[in-house]
file my_file_34.cif (mmCIF, C-alpha atoms and all ligand atoms)
data_protein
loop_
_atom_site.label_atom_id
_atom_site.label_comp_id
_atom_site.auth_asym_id
_atom_site.auth_seq_id
_atom_site.Cartn_x
_atom_site.Cartn_y
_atom_site.Cartn_z
CA MET A 12 2.48 1.04 172.01
CA TYR A 13 2.05 4.81 171.91
CA THR A 14 4.96 6.97 170.69
CA LEU A 15 5.05 10.73 171.07
CA GLY A 16 7.11 12.43 168.36
CA ILE A 17 8.56 15.93 168.73
CA GLU A 18 10.10 17.97 165.90
CA THR A 19 11.57 21.46 166.25
CA SER A 20 14.62 21.43 163.96
CA CYS A 21 13.67 24.43 161.83
CA ASP A 22 10.51 26.56 161.65
CA GLU A 23 7.87 23.90 162.39
CA THR A 24 6.85 23.07 165.96
CA SER A 25 5.28 19.64 165.64
CA CYS A 26 4.01 16.85 167.93
CA SER A 27 2.50 13.57 166.85
CA VAL A 28 1.10 10.48 168.51
CA LEU A 29 1.46 7.09 166.86
CA LYS A 30 -0.06 3.79 167.88
CA ASN A 31 2.68 1.50 166.58
CA TYR A 32 3.00 2.86 163.01
CA LYS A 33 -0.48 4.32 162.79
CA VAL A 34 -0.63 8.12 162.92
CA LEU A 35 -3.29 9.10 165.48
CA SER A 36 -2.41 12.79 165.38
CA ASN A 37 0.16 15.08 163.78
CA VAL A 38 -0.11 18.73 164.79
CA THR A 39 2.20 21.42 163.43
CA ILE A 40 2.37 25.14 164.08
CA SER A 41 4.73 26.87 161.67
CA SER A 42 6.45 30.20 162.22
CA LEU A 43 6.76 30.48 158.42
CA LYS A 44 4.78 33.72 158.18
CA GLU A 45 7.08 35.43 160.67
CA HIS A 46 10.07 34.66 158.41
CA ALA A 47 8.40 35.60 155.12
CA ARG A 48 9.48 39.23 155.09
CA PHE A 49 13.13 38.16 155.57
CA GLY A 50 12.92 35.66 152.68
CA GLY A 51 14.34 32.85 154.83
CA VAL A 52 14.23 31.36 158.32
CA VAL A 53 15.59 33.62 161.09
CA PRO A 54 16.95 31.25 163.79
CA GLU A 55 16.09 33.49 166.76
CA ILE A 56 12.50 33.93 165.59
CA ALA A 57 12.13 30.18 165.02
CA THR A 58 13.52 29.37 168.48
CA ARG A 59 11.21 31.80 170.25
CA ALA A 60 8.22 30.47 168.31
CA HIS A 61 9.03 26.90 169.39
CA LEU A 62 9.14 28.01 173.03
CA GLU A 63 5.80 29.75 172.67
CA ASN A 64 4.04 26.94 170.81
CA ILE A 65 5.35 23.63 172.05
CA ASP A 66 2.97 23.25 175.02
CA LYS A 67 -0.01 24.00 172.83
CA VAL A 68 1.10 21.63 170.08
CA LEU A 69 1.57 18.80 172.59
CA TYR A 70 -1.87 19.45 174.08
CA LEU A 71 -3.50 19.38 170.62
CA ALA A 72 -1.64 16.23 169.54
CA LEU A 73 -2.79 14.36 172.67
CA ARG A 74 -6.33 15.65 172.30
CA ASP A 75 -6.54 14.65 168.63
CA ALA A 76 -5.17 11.21 169.45
CA GLY A 77 -7.66 10.84 172.30
CA ILE A 78 -5.08 9.76 174.86
CA SER A 79 -3.52 11.24 177.99
CA LEU A 80 0.15 12.03 178.55
CA LYS A 81 0.45 9.12 180.98
CA GLN A 82 -0.42 6.64 178.24
CA ILE A 83 2.68 7.56 176.20
CA ASP A 84 5.21 4.69 176.16
CA LEU A 85 8.08 6.28 174.23
CA ILE A 86 9.21 9.80 173.39
CA ALA A 87 11.02 10.34 170.07
CA VAL A 88 12.62 13.66 169.24
CA THR A 89 14.77 15.20 166.51
CA TYR A 90 18.22 15.90 167.95
CA LYS A 91 19.99 16.56 164.61
CA PRO A 92 20.50 18.25 162.20
CA GLY A 93 18.93 21.71 162.30
CA LEU A 94 19.17 25.12 163.93
CA MET A 95 20.92 24.78 167.28
CA GLY A 96 18.51 26.91 169.34
CA ALA A 97 15.48 25.32 167.70
CA LEU A 98 16.72 21.76 168.29
CA VAL A 99 17.48 22.48 171.95
CA VAL A 100 13.86 23.51 172.62
CA GLY A 101 12.44 20.19 171.38
CA LEU A 102 15.20 18.04 172.84
CA ASN A 103 14.96 19.56 176.32
CA PHE A 104 11.19 19.36 176.21
CA ALA A 105 11.47 15.65 175.35
CA LYS A 106 14.00 15.02 178.11
CA ALA A 107 11.83 16.77 180.68
CA LEU A 108 8.82 14.68 179.66
CA ALA A 109 10.88 11.46 179.74
CA LEU A 110 12.13 12.23 183.25
CA ALA A 111 8.73 13.30 184.57
CA LEU A 112 6.87 10.36 183.04
CA LYS A 113 9.71 7.87 183.66
CA LYS A 114 9.50 6.77 180.04
CA PRO A 115 12.29 5.98 177.54
CA PHE A 116 13.27 8.57 175.00
CA ILE A 117 15.15 8.37 171.73
CA GLY A 118 16.82 11.10 169.69
CA VAL A 119 16.64 10.59 165.93
CA SER A 120 18.12 12.19 162.83
CA HIS A 121 15.57 14.38 161.16
CA LEU A 122 17.03 13.43 157.76
CA TYR A 123 16.49 9.71 158.19
CA ALA A 124 13.06 10.50 159.62
CA HIS A 125 12.14 11.99 156.22
CA LEU A 126 12.83 8.54 154.75
CA PHE A 127 10.35 6.95 157.15
CA ALA A 128 7.38 8.85 155.69
CA PRO A 129 6.29 6.19 153.14
CA PHE A 130 6.19 3.51 155.86
CA LEU A 131 3.82 5.22 158.28
CA ASN A 132 0.31 3.75 158.54
CA ALA A 133 1.92 0.61 157.06
CA ALA A 134 1.37 2.22 153.64
CA GLU A 135 4.50 0.50 152.33
CA LYS A 136 6.37 -2.55 153.56
CA LEU A 137 9.73 -1.77 155.15
CA LYS A 138 12.39 -3.75 153.25
CA PHE A 139 16.13 -3.15 153.02
CA PRO A 140 18.36 -2.20 151.33
CA PHE A 141 17.10 0.87 149.51
CA LEU A 142 18.40 4.08 147.99
CA GLY A 143 17.36 6.90 150.32
CA VAL A 144 16.95 10.38 148.83
CA VAL A 145 16.35 13.42 151.05
CA ILE A 146 15.66 16.67 149.18
CA SER A 147 14.79 19.49 151.54
CA GLY A 148 15.47 23.10 152.44
CA GLY A 149 18.68 22.22 154.27
CA HIS A 150 19.87 19.02 152.58
CA THR A 151 20.11 17.16 149.30
CA GLU A 152 21.54 13.71 149.99
CA LEU A 153 21.58 10.20 148.59
CA TYR A 154 22.18 7.20 150.84
CA ARG A 155 22.49 3.48 150.74
CA VAL A 156 20.20 2.38 153.57
CA ASP A 157 20.87 -1.17 154.79
CA ASP A 158 18.84 -0.41 157.89
CA PHE A 159 17.88 2.80 159.67
CA ASN A 160 20.94 2.43 161.88
CA LYS A 161 23.15 1.45 158.93
CA VAL A 162 23.14 4.34 156.51
CA LYS A 163 25.96 5.28 154.12
CA ILE A 164 26.07 8.56 152.27
CA LEU A 165 26.56 8.19 148.49
CA GLY A 166 26.24 11.79 147.35
CA GLN A 167 25.25 15.24 148.53
CA THR A 168 25.11 18.85 147.46
CA ARG A 169 28.46 20.60 147.55
CA ASP A 170 26.87 23.99 148.18
CA ASP A 171 23.23 25.06 148.50
CA ALA A 172 20.48 22.56 149.20
CA CYS A 173 17.84 22.15 146.51
CA GLY A 174 14.97 23.70 148.52
CA GLU A 175 17.23 26.54 149.62
CA VAL A 176 17.81 27.44 145.96
CA TYR A 177 14.06 27.42 145.28
CA ASP A 178 13.67 29.81 148.24
CA LYS A 179 16.55 32.09 147.19
CA ILE A 180 15.37 32.35 143.59
CA ALA A 181 11.81 33.11 144.71
CA LYS A 182 13.19 35.79 147.02
CA ALA A 183 15.28 37.36 144.24
CA TYR A 184 12.26 37.41 141.91
CA GLY A 185 9.93 38.76 144.60
CA LEU A 186 7.69 35.69 144.46
CA GLY A 187 7.33 35.07 148.20
CA TYR A 188 8.50 32.51 150.76
CA PRO A 189 8.85 29.54 150.79
CA GLY A 190 9.79 29.45 147.14
CA GLY A 191 9.22 25.75 146.45
CA PRO A 192 5.42 25.71 146.43
CA VAL A 193 5.28 29.08 144.60
CA ILE A 194 7.58 27.99 141.77
CA ASP A 195 5.84 24.60 141.65
CA GLY A 196 2.55 26.45 141.14
CA MET A 197 4.01 28.67 138.39
CA PHE A 198 5.61 25.80 136.49
CA ASN A 199 4.41 25.28 132.96
CA ALA A 200 5.96 22.36 131.04
CA ARG A 201 5.54 24.29 127.79
CA TYR A 202 8.40 26.57 128.87
CA LYS A 203 10.70 23.92 130.32
CA GLU A 204 13.42 24.48 127.72
CA ASP A 205 12.94 28.17 126.97
CA PHE A 206 16.18 28.83 128.86
CA LYS A 207 19.04 26.35 128.99
CA PHE A 208 19.93 26.06 132.68
CA LYS A 209 22.19 23.41 134.14
CA CYS A 210 22.91 22.07 137.62
CA GLY A 211 26.41 20.90 138.56
CA ARG A 212 27.28 17.25 139.11
CA ALA A 213 30.40 15.33 140.12
CA GLY A 214 29.69 11.64 140.54
CA PHE A 215 26.67 11.55 142.83
CA ASP A 216 27.44 14.94 144.32
CA LEU A 217 25.34 17.87 143.15
CA SER A 218 25.74 21.63 142.96
CA PHE A 219 22.88 24.12 142.81
CA SER A 220 24.62 27.42 143.46
CA GLY A 221 25.54 27.88 139.75
CA ILE A 222 21.95 27.64 138.56
CA LYS A 223 20.91 30.01 141.35
CA THR A 224 23.48 32.59 140.23
CA ALA A 225 22.46 32.15 136.57
CA LEU A 226 18.85 32.97 137.45
CA ILE A 227 19.82 35.96 139.57
CA TYR A 228 22.03 37.38 136.77
CA LYS A 229 19.22 36.80 134.29
CA LYS A 230 16.89 38.76 136.53
CA ILE A 231 19.31 41.71 136.76
CA GLU A 232 19.82 41.69 133.00
CA LEU A 233 16.08 41.62 132.21
CA GLU A 234 15.32 44.24 134.83
CA LYS A 235 17.81 46.63 133.22
CA LYS A 236 16.08 46.09 129.88
CA ARG A 237 12.69 46.52 131.59
CA GLN A 238 11.66 43.09 130.35
CA LEU A 239 11.05 41.31 133.65
CA THR A 240 7.36 40.60 133.14
CA ARG A 241 5.29 37.96 134.94
CA ASP A 242 5.30 35.92 131.74
CA ILE A 243 9.12 35.93 131.55
CA LYS A 244 9.31 34.95 135.23
CA ILE A 245 7.08 31.96 134.55
CA ARG A 246 9.29 30.93 131.63
CA LEU A 247 12.44 31.32 133.70
CA VAL A 248 11.28 29.39 136.76
CA SER A 249 9.79 26.66 134.55
CA SER A 250 13.17 26.16 132.86
CA PHE A 251 14.85 26.24 136.28
CA GLN A 252 12.53 23.60 137.75
CA TYR A 253 12.93 21.40 134.69
CA ALA A 254 16.74 21.49 134.95
CA VAL A 255 16.63 20.71 138.69
CA ALA A 256 14.15 17.84 138.41
CA GLU A 257 15.91 16.22 135.46
CA THR A 258 19.30 16.44 137.20
CA LEU A 259 17.86 14.88 140.37
CA LEU A 260 16.18 12.13 138.39
CA ALA A 261 19.31 11.28 136.38
CA THR A 262 21.48 11.23 139.51
CA ILE A 263 19.03 9.02 141.40
CA LEU A 264 18.68 6.52 138.55
CA GLU A 265 22.43 6.28 138.03
CA ALA A 266 23.05 5.75 141.75
CA ALA A 267 20.36 3.07 141.93
CA ASN A 268 21.90 1.35 138.93
CA LYS A 269 25.49 1.57 140.18
CA TYR A 270 24.67 0.25 143.66
CA GLY A 271 22.10 -2.28 142.46
CA LEU A 272 19.27 -0.78 144.55
CA LYS A 273 15.80 -1.44 143.20
CA ARG A 274 13.78 0.44 145.78
CA ILE A 275 14.15 4.20 146.00
CA VAL A 276 12.68 6.03 148.99
CA CYS A 277 12.29 9.82 148.68
CA GLY A 278 11.35 12.40 151.30
CA GLY A 279 11.86 16.02 152.33
CA GLY A 280 10.02 19.22 151.38
CA VAL A 281 11.09 19.31 147.73
CA THR A 282 9.58 15.85 147.12
CA ALA A 283 6.21 17.62 147.34
CA ASN A 284 7.05 19.03 143.91
CA GLN A 285 4.43 17.93 141.39
CA TYR A 286 6.73 17.80 138.37
CA LEU A 287 9.45 15.92 140.25
CA ARG A 288 6.94 13.39 141.62
CA GLN A 289 5.54 12.86 138.16
CA ARG A 290 8.99 12.34 136.62
CA LEU A 291 10.06 9.91 139.34
CA LYS A 292 6.90 7.85 138.99
CA MET A 293 7.23 7.83 135.18
CA ASN A 294 10.59 6.13 135.60
CA GLU A 295 9.31 3.15 137.53
CA SER A 296 10.02 -0.13 135.82
CA LYS A 297 10.23 -3.78 136.71
CA ASP A 298 13.63 -2.99 138.23
CA ILE A 299 12.88 0.32 139.96
CA THR A 300 10.18 1.25 142.47
CA PHE A 301 9.83 4.75 143.88
CA LEU A 302 8.36 5.07 147.38
CA LEU A 303 7.53 8.74 147.77
CA ALA A 304 6.62 10.42 151.04
CA PRO A 305 2.84 11.00 151.04
CA LEU A 306 2.25 14.67 150.16
CA LYS A 307 1.21 15.78 153.62
CA LEU A 308 4.27 14.11 155.17
CA THR A 309 6.91 15.53 152.81
CA CYS A 310 7.71 18.62 154.89
CA ASP A 311 8.92 18.68 158.48
CA ASN A 312 6.52 16.98 160.90
CA ALA A 313 6.66 14.93 164.07
CA ALA A 314 4.93 11.78 162.74
CA ILE A 315 8.03 10.81 160.73
CA VAL A 316 10.17 11.37 163.83
CA ALA A 317 7.86 9.21 165.95
CA GLY A 318 7.81 6.48 163.29
CA LEU A 319 11.58 6.26 163.04
CA GLY A 320 11.97 6.47 166.82
CA PHE A 321 9.50 3.65 167.37
CA TYR A 322 11.22 1.49 164.75
CA LEU A 323 14.71 2.00 166.25
CA TYR A 324 13.48 1.41 169.81
CA ASN A 325 11.22 -1.51 169.06
CA LYS A 326 13.19 -3.34 166.38
CA LYS A 327 16.77 -2.38 167.23
CA GLY A 328 16.56 -1.89 170.98
CA ILE A 329 18.03 1.61 170.74
CA LYS A 330 17.28 4.36 173.22
CA SER A 331 19.08 7.55 174.18
CA VAL A 332 20.79 8.65 177.36
CA ILE A 333 19.49 11.75 179.09
CA GLY A 334 22.78 13.56 178.36
CA LEU A 335 22.19 13.44 174.60
CA GLU A 336 23.12 16.78 173.06
CA ALA A 337 21.71 18.54 170.03
CA GLU A 338 23.87 18.43 166.89
CA PRO A 339 23.24 21.19 164.36
CA ASN A 340 25.09 19.36 161.53
O1 LIG B 401 11.82 19.17 154.60
P1 LIG B 401 11.47 20.60 154.79
O2 LIG B 401 10.08 20.93 155.30
O3 LIG B 401 12.46 21.32 155.75
C1 LIG B 401 13.82 21.02 155.82
O4 LIG B 401 14.16 19.97 156.42
O5 LIG B 401 14.58 21.81 155.23
O6 LIG B 401 11.69 21.32 153.38
C2 LIG B 401 11.41 22.67 153.17
C3 LIG B 401 11.82 23.03 151.76
C4 LIG B 401 11.73 24.53 151.45
O7 LIG B 401 12.95 24.94 150.87
C5 LIG B 401 10.58 24.62 150.46
O8 LIG B 401 10.70 25.68 149.53
C6 LIG B 401 10.66 23.25 149.77
O9 LIG B 401 10.98 22.35 150.81
N1 LIG B 401 9.40 22.87 149.15
C7 LIG B 401 9.25 22.64 147.83
C8 LIG B 401 7.88 22.35 147.62
N2 LIG B 401 7.24 22.39 148.83
C9 LIG B 401 8.20 22.72 149.76
N3 LIG B 401 10.13 22.67 146.82
C10 LIG B 401 9.68 22.42 145.58
N4 LIG B 401 8.38 22.15 145.30
C11 LIG B 401 7.45 22.11 146.28
N5 LIG B 401 6.17 21.85 146.01
ZN ZN B 402 13.20 18.43 156.81
#
call {"tool": "encode", "arguments": {"input": "my_file_34.cif", "output": "C-alpha cells", "more": "lines below"}}
Ligand code: KG4
Ligand code: ZN
result
Amino acid sequence: MYTLGIETSCDETSCSVLKNYKVLSNVTISSLKEHARFGGVVPEIATRAHLENIDKVLYLALRDAGISLKQIDLIAVTYKPGLMGALVVGLNFAKALALALKKPFIGVSHLYAHLFAPFLNAAEKLKFPFLGVVISGGHTELYRVDDFNKVKILGQTRDDACGEVYDKIAKAYGLGYPGGPVIDGMFNARYKEDFKFKCGRAGFDLSFSGIKTALIYKKIELEKKRQLTRDIKIRLVSSFQYAVAETLLATILEAANKYGLKRIVCGGGVTANQYLRQRLKMNESKDITFLLAPLKLTCDNAAIVAGLGFYLYNKKGIKSVIGLEAEPN
C-alpha cells in the first residue's frame, strides 16, 4: 500500500511516499533562509512559501518514488499542532487530493509523528508501551504511549520549548538561525561546567525560560565589559547545552523509572543534538533502551507523518472526515 504524507506545520514543506513502512521518497523544501534575518519563523512568510512550493514538492516526491498520483492509496497529513496558516495549506491540499482521487485521508498529530521516526523502514520493532519524548522547536513533552491512539502526557515545558531556547540564545549572541545546529557545532565538552547554568523542573514538567534569561543577561554583562569574545561564547553555549542535556536526561530517566517504561522513544529537531544523543545512548542498560529518531528524520518531514498515518489507518481502522479542521495547539 502506498501512503502519501504531507507536512506543512511550520517552515518545512514536505511530501513523502511510503510503501507500507518503507520510505520511497521524502522531499522537503524549507523556507528557513527567508526567516533567518528575523531570527525566528515568520508565520506569513512560512504560509506563502508552502503555497508556492507544495505542488513542486509533491511532484518531486512522486518522481523519486517512481509512482504516479493515481497509485496512492492513502493520504496522511499533519492537522495539528503548528502555525494555523501553514497547517491549512497542507490540510486543504490533502483534502483536495483525497476528493479528486477518491482516496481515504487521515489527519495526524505532528508531535506523535515525531515518535514514529525510529519505526520507519522497519528499523525498530513497534512495541507498546513506551515513554515518548518529543523535543522540538515548539514542544518539549513526555508521554506514556500505550498505542499511537492512546497517549497520555506526563510532563511538558511550562514556558519556552527546548529548541526555541536554542534559537533565541543563538539570536541574542548573533550566531545565526536555527540555533540548535549552530550551538551543537560550537559545543566543547571541556567547557561544560565553566558556567553553572540550571534549567527549571517541577515533577516531570520543565522550564527553559530561566536559563535563556541567564544567558542573555550574561551576554549584556560581558558586552559592557567588552569581554564577549568568540572563545567566551563557546564556553557559554557549551555550559548551556550541558545543563539542558543533563536536565532532559535526568527527567527522562526518572519518568521511565516511575512509570516502569523500559523503552524510550525520542524524536523532534533537538534530538539531532550530538551531545544529547551520546548521553542518552550512554544511559542504556538492561532495563532501558533508547530508540532515537534517525538523524535525517529528527526534524520536520512528511515520512514520519505518512508512517503514523498508515499505522493508524491500517492497524486501527482510523480515517478522517473531510470536515477535519486544523488545530494550531
Ligand atoms: O522538530 P523540528 O524540526 O520543528 C518543530 O516541530 O519545532 O525542530 C526544530 C528545532 C529548532 O529549534 C532547531 O534549532 C532545533 O530543532 N535543532 C537542534 C538541532 N538541530 C535542530 N537543537 C539542538 N541541536 C541540534 N543539532
Ligand atoms: Zn516538529
call {"tool": "closest_residue", "arguments": {"input": "my_file_34.cif", "among": "A:Pro305, A:Gly271, A:Pro92, A:Gly149", "to": "ligand LIG 401 (chain B)", "atoms": "all atoms listed in the file"}}
result
A:Gly149
call {"tool": "closest_atom_pairs", "arguments": {"input": "my_file_34.cif", "of": "chain A", "to": "ligand LIG 401 (chain B)", "cutoff": "9 Å", "atoms": "all atoms listed in the file", "output": "tab-separated table"}}
result
residue	atom	partner	partner_atom	distance
A:Ser20	CA	B:LIG401	O4	7.7
A:Cys21	CA	B:LIG401	C1	6.9
A:Asp22	CA	B:LIG401	O3	8.1
A:Glu23	CA	B:LIG401	O2	8.0
A:Gly51	CA	B:LIG401	O7	9.0
A:Pro92	CA	B:LIG401	O4	8.7
A:Gly93	CA	B:LIG401	O4	7.8
A:His121	CA	B:LIG401	O4	7.5
A:Leu122	CA	B:LIG401	O4	7.3
A:His125	CA	B:LIG401	O1	7.4
A:Val145	CA	B:LIG401	O1	8.1
A:Ile146	CA	B:LIG401	O1	7.1
A:Ser147	CA	B:LIG401	O6	4.0
A:Gly148	CA	B:LIG401	O5	3.2
A:Gly149	CA	B:LIG401	O5	4.2
A:His150	CA	B:LIG401	O5	6.5
A:Ala172	CA	B:LIG401	O7	8.1
A:Cys173	CA	B:LIG401	O7	7.1
A:Gly174	CA	B:LIG401	O7	3.3
A:Glu175	CA	B:LIG401	O7	4.7
A:Val176	CA	B:LIG401	O7	7.3
A:Tyr177	CA	B:LIG401	O8	5.7
A:Asp178	CA	B:LIG401	O8	5.2
A:Lys179	CA	B:LIG401	O7	8.8
A:Ala181	CA	B:LIG401	O8	8.9
A:Tyr188	CA	B:LIG401	O8	7.3
A:Pro189	CA	B:LIG401	O8	4.5
A:Gly190	CA	B:LIG401	O8	4.6
A:Gly191	CA	B:LIG401	N3	3.2
A:Pro192	CA	B:LIG401	N5	4.0
A:Val193	CA	B:LIG401	N5	7.4
A:Ile194	CA	B:LIG401	N4	6.9
A:Asp195	CA	B:LIG401	N4	5.1
A:Gly196	CA	B:LIG401	N5	7.6
A:Gln252	CA	B:LIG401	C10	8.4
A:Gly278	CA	B:LIG401	O1	7.5
A:Gly279	CA	B:LIG401	O1	3.9
A:Gly280	CA	B:LIG401	O9	3.3
A:Val281	CA	B:LIG401	N3	3.6
A:Thr282	CA	B:LIG401	C11	6.7
A:Ala283	CA	B:LIG401	N5	4.4
A:Asn284	CA	B:LIG401	N5	3.6
A:Gln285	CA	B:LIG401	N5	6.3
A:Tyr286	CA	B:LIG401	N4	8.3
A:Leu287	CA	B:LIG401	N4	8.1
A:Leu308	CA	B:LIG401	O2	9.0
A:Thr309	CA	B:LIG401	O1	6.4
A:Cys310	CA	B:LIG401	O2	3.3
A:Asp311	CA	B:LIG401	O2	4.1
A:Asn312	CA	B:LIG401	O2	7.7
call {"tool": "closest_residue", "arguments": {"input": "my_file_34.cif", "among": "A:Lys269, A:Thr14, A:Val316, A:Leu29", "to": "Pro115 in chain A", "atoms": "all atoms listed in the file"}}
result
A:Thr14
call {"tool": "atom_distance", "arguments": {"input": "my_file_34.cif", "atom1": "CA of Arg169 in chain A", "atom2": "CA of Val255 in chain A"}}
result
14.8 Å
call {"tool": "residues_around", "arguments": {"input": "my_file_34.cif", "residues": "Asp158 in chain A", "least_positions_apart": "6", "cutoff": "9 Å", "atoms": "only C-alpha atoms", "output": "ChimeraX atom specification"}}
result
/A:138-141
call {"tool": "residues_around", "arguments": {"input": "my_file_34.cif", "residues": "Asp170 in chain A", "least_positions_apart": "4", "cutoff": "10 Å", "atoms": "all atoms listed in the file", "output": "list of chain:residue names"}}
result
A:His150, A:Thr151, A:Val176, A:Asp216, A:Leu217, A:Ser218, A:Phe219, A:Ser220, A:Gly221
call {"tool": "residues_around", "arguments": {"input": "my_file_34.cif", "residues": "Val332 in chain A", "least_positions_apart": "4", "cutoff": "10 Å", "atoms": "all atoms listed in the file", "output": "list of chain:residue names"}}
result
A:Lys106, A:Pro115, A:Phe116, A:Ile117, A:Gly118, A:Glu336
call {"tool": "atom_distance", "arguments": {"input": "my_file_34.cif", "atom1": "CA of Glu18 in chain A", "atom2": "CA of Leu142 in chain A"}}
result
24.1 Å
call {"tool": "residues_around", "arguments": {"input": "my_file_34.cif", "residues": "Thr58 in chain A", "least_positions_apart": "6", "cutoff": "10 Å", "atoms": "all atoms listed in the file", "output": "JSON, numbers by chain"}}
result
{"A": [19, 20, 21, 22, 23, 24, 42, 94, 95, 96, 97, 98, 99, 100, 101]}
call {"tool": "write_last_selection", "arguments": {"input": "my_file_34.cif", "atoms": "C-alpha atoms", "output": "compact mmCIF listing (two decimals), in the coordinates of the input"}}
result
# COMPACT_ATOMS: atom_id res chain seq x y z
CA THR A 19 11.57 21.46 166.25
CA SER A 20 14.62 21.43 163.96
CA CYS A 21 13.67 24.43 161.83
CA ASP A 22 10.51 26.56 161.65
CA GLU A 23 7.87 23.90 162.39
CA THR A 24 6.85 23.07 165.96
CA SER A 42 6.45 30.20 162.22
CA LEU A 94 19.17 25.12 163.93
CA MET A 95 20.92 24.78 167.28
CA GLY A 96 18.51 26.91 169.34
CA ALA A 97 15.48 25.32 167.70
CA LEU A 98 16.72 21.76 168.29
CA VAL A 99 17.48 22.48 171.95
CA VAL A 100 13.86 23.51 172.62
CA GLY A 101 12.44 20.19 171.38
call {"tool": "closest_residue", "arguments": {"input": "my_file_34.cif", "among": "A:Lys209, A:Lys136, A:Lys44, A:Lys91", "to": "ligand ZN 402 (chain B)", "atoms": "only C-alpha atoms and all ligand atoms"}}
result
A:Lys91
call {"tool": "closest_residue", "arguments": {"input": "my_file_34.cif", "among": "A:Gln167, A:Ser331, A:Thr258, A:Thr89", "to": "ligand ZN 402 (chain B)", "atoms": "only C-alpha atoms and all ligand atoms"}}
result
A:Thr89
call {"tool": "residues_near_point", "arguments": {"input": "my_file_34.cif", "point": "(20.9, 33.3, 141.0)", "cutoff": "12 Å", "atoms": "only C-alpha atoms", "output": "ChimeraX atom specification"}}
result
/A:171,175-184,208,210,219-232,247-248,251
call {"tool": "atom_distance", "arguments": {"input": "my_file_34.cif", "atom1": "CA of Ala111 in chain A", "atom2": "CA of Ser79 in chain A"}}
result
14.1 Å
call {"tool": "closest_residue", "arguments": {"input": "my_file_34.cif", "among": "A:Tyr270, A:Leu302, A:Met12, A:Val68", "to": "Lys163 in chain A", "atoms": "only C-alpha atoms"}}
result
A:Tyr270
call {"tool": "closest_residue", "arguments": {"input": "my_file_34.cif", "among": "A:Val144, A:Ala213, A:Leu186, A:Ala200", "to": "Ala267 in chain A", "atoms": "only C-alpha atoms"}}
result
A:Val144
call {"tool": "residues_near_point", "arguments": {"input": "my_file_34.cif", "point": "(21.4, 1.6, 141.2)", "cutoff": "12 Å", "atoms": "all atoms listed in the file", "output": "list of chain:residue names"}}
result
A:Pro140, A:Phe141, A:Leu142, A:Gly143, A:Leu153, A:Tyr154, A:Arg155, A:Leu165, A:Phe215, A:Ala261, A:Thr262, A:Ile263, A:Leu264, A:Glu265, A:Ala266, A:Ala267, A:Asn268, A:Lys269, A:Tyr270, A:Gly271, A:Leu272, A:Lys273, A:Arg274, A:Ile275, A:Asp298, A:Ile299, A:Thr300
call {"tool": "write_last_selection", "arguments": {"input": "my_file_34.cif", "atoms": "C-alpha atoms", "output": "CSV table (one decimal), in the coordinates of the input"}}
result
chain,number,residue,atom,x,y,z
A,140,PRO,CA,18.4,-2.2,151.3
A,141,PHE,CA,17.1,0.9,149.5
A,142,LEU,CA,18.4,4.1,148.0
A,143,GLY,CA,17.4,6.9,150.3
A,153,LEU,CA,21.6,10.2,148.6
A,154,TYR,CA,22.2,7.2,150.8
A,155,ARG,CA,22.5,3.5,150.7
A,165,LEU,CA,26.6,8.2,148.5
A,215,PHE,CA,26.7,11.6,142.8
A,261,ALA,CA,19.3,11.3,136.4
A,262,THR,CA,21.5,11.2,139.5
A,263,ILE,CA,19.0,9.0,141.4
A,264,LEU,CA,18.7,6.5,138.6
A,265,GLU,CA,22.4,6.3,138.0
A,266,ALA,CA,23.0,5.8,141.8
A,267,ALA,CA,20.4,3.1,141.9
A,268,ASN,CA,21.9,1.4,138.9
A,269,LYS,CA,25.5,1.6,140.2
A,270,TYR,CA,24.7,0.2,143.7
A,271,GLY,CA,22.1,-2.3,142.5
A,272,LEU,CA,19.3,-0.8,144.6
A,273,LYS,CA,15.8,-1.4,143.2
A,274,ARG,CA,13.8,0.4,145.8
A,275,ILE,CA,14.2,4.2,146.0
A,298,ASP,CA,13.6,-3.0,138.2
A,299,ILE,CA,12.9,0.3,140.0
A,300,THR,CA,10.2,1.2,142.5
call {"tool": "build_atoms", "arguments": {"input": "my_file_34.cif", "residues": "range 193-202 of chain A", "atoms": "N, CA and C atoms", "output": "PDB file, in the coordinates of the input"}}
result
ATOM      1  N   VAL A 193       5.620  27.993 145.531  1.00  0.00           N
ATOM      2  CA  VAL A 193       5.280  29.080 144.600  1.00  0.00           C
ATOM      3  C   VAL A 193       5.750  28.725 143.191  1.00  0.00           C
ATOM      4  N   ILE A 194       7.020  28.318 143.095  1.00  0.00           N
ATOM      5  CA  ILE A 194       7.580  27.990 141.770  1.00  0.00           C
ATOM      6  C   ILE A 194       6.882  26.758 141.200  1.00  0.00           C
ATOM      7  N   ASP A 195       6.584  25.800 142.068  1.00  0.00           N
ATOM      8  CA  ASP A 195       5.840  24.600 141.650  1.00  0.00           C
ATOM      9  C   ASP A 195       4.512  25.011 141.013  1.00  0.00           C
ATOM     10  N   GLY A 196       3.848  25.977 141.640  1.00  0.00           N
ATOM     11  CA  GLY A 196       2.550  26.450 141.140  1.00  0.00           C
ATOM     12  C   GLY A 196       2.670  27.235 139.839  1.00  0.00           C
ATOM     13  N   MET A 197       3.818  27.880 139.615  1.00  0.00           N
ATOM     14  CA  MET A 197       4.010  28.670 138.390  1.00  0.00           C
ATOM     15  C   MET A 197       4.470  27.823 137.214  1.00  0.00           C
ATOM     16  N   PHE A 198       4.986  26.647 137.525  1.00  0.00           N
ATOM     17  CA  PHE A 198       5.610  25.800 136.490  1.00  0.00           C
ATOM     18  C   PHE A 198       4.657  25.489 135.341  1.00  0.00           C
ATOM     19  N   ASN A 199       5.173  25.654 134.147  1.00  0.00           N
ATOM     20  CA  ASN A 199       4.410  25.280 132.960  1.00  0.00           C
ATOM     21  C   ASN A 199       5.367  24.514 132.032  1.00  0.00           C
ATOM     22  N   ALA A 200       5.056  23.244 131.799  1.00  0.00           N
ATOM     23  CA  ALA A 200       5.960  22.360 131.040  1.00  0.00           C
ATOM     24  C   ALA A 200       6.231  22.892 129.622  1.00  0.00           C
ATOM     25  N   ARG A 201       5.329  23.718 129.126  1.00  0.00           N
ATOM     26  CA  ARG A 201       5.540  24.290 127.790  1.00  0.00           C
ATOM     27  C   ARG A 201       6.841  25.108 127.716  1.00  0.00           C
ATOM     28  N   TYR A 202       7.232  25.676 128.857  1.00  0.00           N
ATOM     29  CA  TYR A 202       8.400  26.570 128.870  1.00  0.00           C
ATOM     30  C   TYR A 202       9.666  25.914 129.428  1.00  0.00           C
TER      31      TYR A 202
END
